[in-house]
Amino acid sequence: MNNTSESDERFTLWGGPLSTYTAKARAFLIKKRIPYRELFPAHPDFGDRIAPAVGFFVIPVLEAPDGTLVEDTSDIIDYLEARFPDPCFTPSTPVQCAVSELLCAFGSEGLNQPSMHYRWSFLDRHGDYIKAEFGRTASPSRNRDERIAIAAGAMELMTSHLPRLGICAETIPAIEAAYLDLLDALDDHFLYHPYLLGGRPSMADFGFMAALYAHLSRDPVPSDLMKSRSPNVYRWTERMNLANIDDGEFPEAEEAYPSDDAVPITLERVLALAFRDWGPELIAATAHYNAWIEANPDLSAGQIVSETGERAVHPSLGHISYEWRGVTVNRSCAPQTLWHFDKAVSRARALQGDAADRWRALLARTGGEQVMALQLARPMRREDNVLVLA
């Protein structure tokens, strides 16, 4: 195969259709109408050039025509937004912008439990499909058995993450119930609106694509569930992979966010579910992180945020435990989740005047006061593809 860095002016998205966060970056590239091609880690350039430069094996990675590499979907989107400002998918009004950032964080981080559960807990029903997906992404071979053999190791690694996410026999009924509630709320919303904030995509939509596309709308078991129970949500996943913003189902919808900084009333139910079902994890994780900071007052700026202090794709600060929907969840404390959520909190905390009043009223209606009052003892930032203390 030719070296991918030569003589091509398109961006390269190193990822795959099975990948959670590739779905988020891909949808952004499509909606921005940015020329790109998608290559899988099976390509030899990924192992030879990309993974060593990034520092570990992870997808997605964006490679610019000049060879610049950007890892993490938040960084990828920020990088592209600075270079391709139009069309703009960031609301210019303050409350809508805060809602967009919050739901982007929830979609990106708060839906990992249902996405991982529905992929890995039903291998008896769709295991052959998952093997094929991992095989095509990881192996350049056209031999079916060779692909399956390569897929086996990757699948074993991914299933090992379930305890880290608090997915077990005791918590699965609660995870499924929360997901069904969300599907119902989203289906009602997409009956009236093509996107989460009205007639135009926002960061909220890109964040939700992370879980709702790669795992939950493509893997056979959750795909059947989404199509039969919430067909409007499935149609939204299709819409997010089309460059056009306009849609035949909504011929009269204005390609804009609602006027007067309004939030669609149907979205309030989604916000309420985000606070109710993500909130317990955020509260427990924030308390754990702040205790870690207090116990280590000499940590310097630039210190990697992880229990071991080492670079990792999925760093942890240890384990947290909390009550949720009648069960006890034991899981890893993920600094990536806190960092993404804190970005939204910082946006909301900056609201002033009438916008701050309207935001507080929205939180009162959706039960978000306690969650949005959370504050990290020290902020984090991304540096050299990992989270470090600011």
# chains A, B, ... in the order shown; residues from 1 in each chain; ligands from 1
>>> closest_atom_pairs(of="stretch 192-223 of chain A", to="stretch 16-22 of chain A", cutoff="7 Å", atoms="only C-alpha atoms", output="Markdown table")
| residue | atom | partner | partner_atom | distance |
| --- | --- | --- | --- | --- |
| A:Ala210 | CA | A:Thr20 | CA | 4.8 |
| A:Ala211 | CA | A:Thr20 | CA | 5.7 |
| A:Ala214 | CA | A:Leu18 | CA | 5.2 |
| A:His215 | CA | A:Thr20 | CA | 6.8 |
>>> closest_atom_pairs(of="stretch 338-373 of chain A", to="stretch 185-208 of chain A", cutoff="12 Å", atoms="only C-alpha atoms", output="CSV")
residue,atom,partner,partner_atom,distance
A:His340,CA,A:Gly207,CA,10.7
A:Phe341,CA,A:Gly207,CA,11.9
A:Ala344,CA,A:Ala204,CA,11.1
>>> write_last_selection(atoms="C-alpha atoms", output="mmCIF file, in the first residue's frame")
data_model
loop_
_atom_site.group_PDB
_atom_site.id
_atom_site.type_symbol
_atom_site.label_atom_id
_atom_site.label_comp_id
_atom_site.auth_asym_id
_atom_site.auth_seq_id
_atom_site.Cartn_x
_atom_site.Cartn_y
_atom_site.Cartn_z
ATOM 1 C CA HIS A 340 -15.521 16.819 29.276
ATOM 2 C CA PHE A 341 -18.274 17.602 31.776
ATOM 3 C CA ALA A 344 -19.782 22.343 29.895
#
>>> residues_around(residues="A:Ser139", least_positions_apart="4", cutoff="7 Å", atoms="only C-alpha atoms", output="PyMOL selection string")
chain A and resi 42+135+147+150
>>> closest_atom_pairs(of="stretch 60-148 of chain A", to="stretch 269-280 of chain A", cutoff="10 Å", atoms="only C-alpha atoms", output="tab-separated table")
residue	atom	partner	partner_atom	distance
A:Val99	CA	A:Leu271	CA	8.5
A:Leu102	CA	A:Leu271	CA	8.9
A:Leu103	CA	A:Leu271	CA	7.6
A:Phe106	CA	A:Ala274	CA	6.7
A:Gly107	CA	A:Ala274	CA	9.1
A:Glu109	CA	A:Trp278	CA	9.2
A:Gly110	CA	A:Trp278	CA	5.9
A:Leu111	CA	A:Trp278	CA	8.4
>>> write_last_selection(atoms="C-alpha atoms", output="mmCIF file, in the first residue's frame")
data_model
loop_
_atom_site.group_PDB
_atom_site.id
_atom_site.type_symbol
_atom_site.label_atom_id
_atom_site.label_comp_id
_atom_site.auth_asym_id
_atom_site.auth_seq_id
_atom_site.Cartn_x
_atom_site.Cartn_y
_atom_site.Cartn_z
ATOM 1 C CA VAL A 99 -27.044 23.184 26.469
ATOM 2 C CA LEU A 102 -23.649 19.795 28.157
ATOM 3 C CA LEU A 103 -25.404 17.341 25.850
ATOM 4 C CA PHE A 106 -23.427 13.501 28.007
ATOM 5 C CA GLY A 107 -23.516 11.880 24.579
ATOM 6 C CA GLU A 109 -19.220 10.138 27.974
ATOM 7 C CA GLY A 110 -22.532 9.478 29.706
ATOM 8 C CA LEU A 111 -23.803 6.801 27.330
#
>>> residues_around(residues="stretch 375-386 of chain A", least_positions_apart="3", cutoff="6 Å", atoms="only C-alpha atoms", output="count of residues only")
3
>>> closest_residue(among="A:Leu182, A:Ala105, A:Val327, A:Leu267", to="A:Gly166", atoms="only C-alpha atoms")
A:Val327
>>> residues_around(residues="stretch 61-75 of chain A", least_positions_apart="4", cutoff="6 Å", atoms="only C-alpha atoms", output="list in words")
Glu9, Arg10, Phe11, Thr12, Leu13, Trp14, Ala25 and Tyr79 of chain A
>>> residues_around(residues="A:Glu254", least_positions_apart="2", cutoff="10 Å", atoms="only C-alpha atoms", output="list in words")
Gly198, Gly199, Arg200, Ile245, Asp246, Phe250, Pro251, Glu252, Ala256, Tyr257 and Pro258 of chain A
>>> closest_residue(among="A:Arg347, A:Arg33, A:Arg26, A:Arg218", to="A:Pro60", atoms="only C-alpha atoms")
A:Arg26
>>> select_by_dssp(residues="stretch 2-169 of chain A", states="strand (DSSP E)", output="VMD selection string")
chain A and resid 11 to 14 36 to 39 61 to 63 69 to 71
>>> select_by_dssp(residues="stretch 13-126 of chain A", states="alpha helix (DSSP H)", output="JSON, numbers by chain")
{"A": [20, 21, 22, 23, 24, 25, 26, 27, 28, 29, 30, 31, 32, 44, 45, 51, 52, 53, 54, 73, 74, 75, 76, 77, 78, 79, 80, 81, 82, 83, 94, 95, 96, 97, 98, 99, 100, 101, 102, 103, 104, 105, 112, 113, 114, 115, 116, 117, 118, 119, 120, 123, 124, 125, 126]}
>>> atom_distance(atom1="atom CA of A:Pro335", atom2="atom CA of A:Ser306")
7.5 Å
>>> atom_distance(atom1="atom CA of A:Ser321", atom2="atom CA of A:Gln370")
18.2 Å
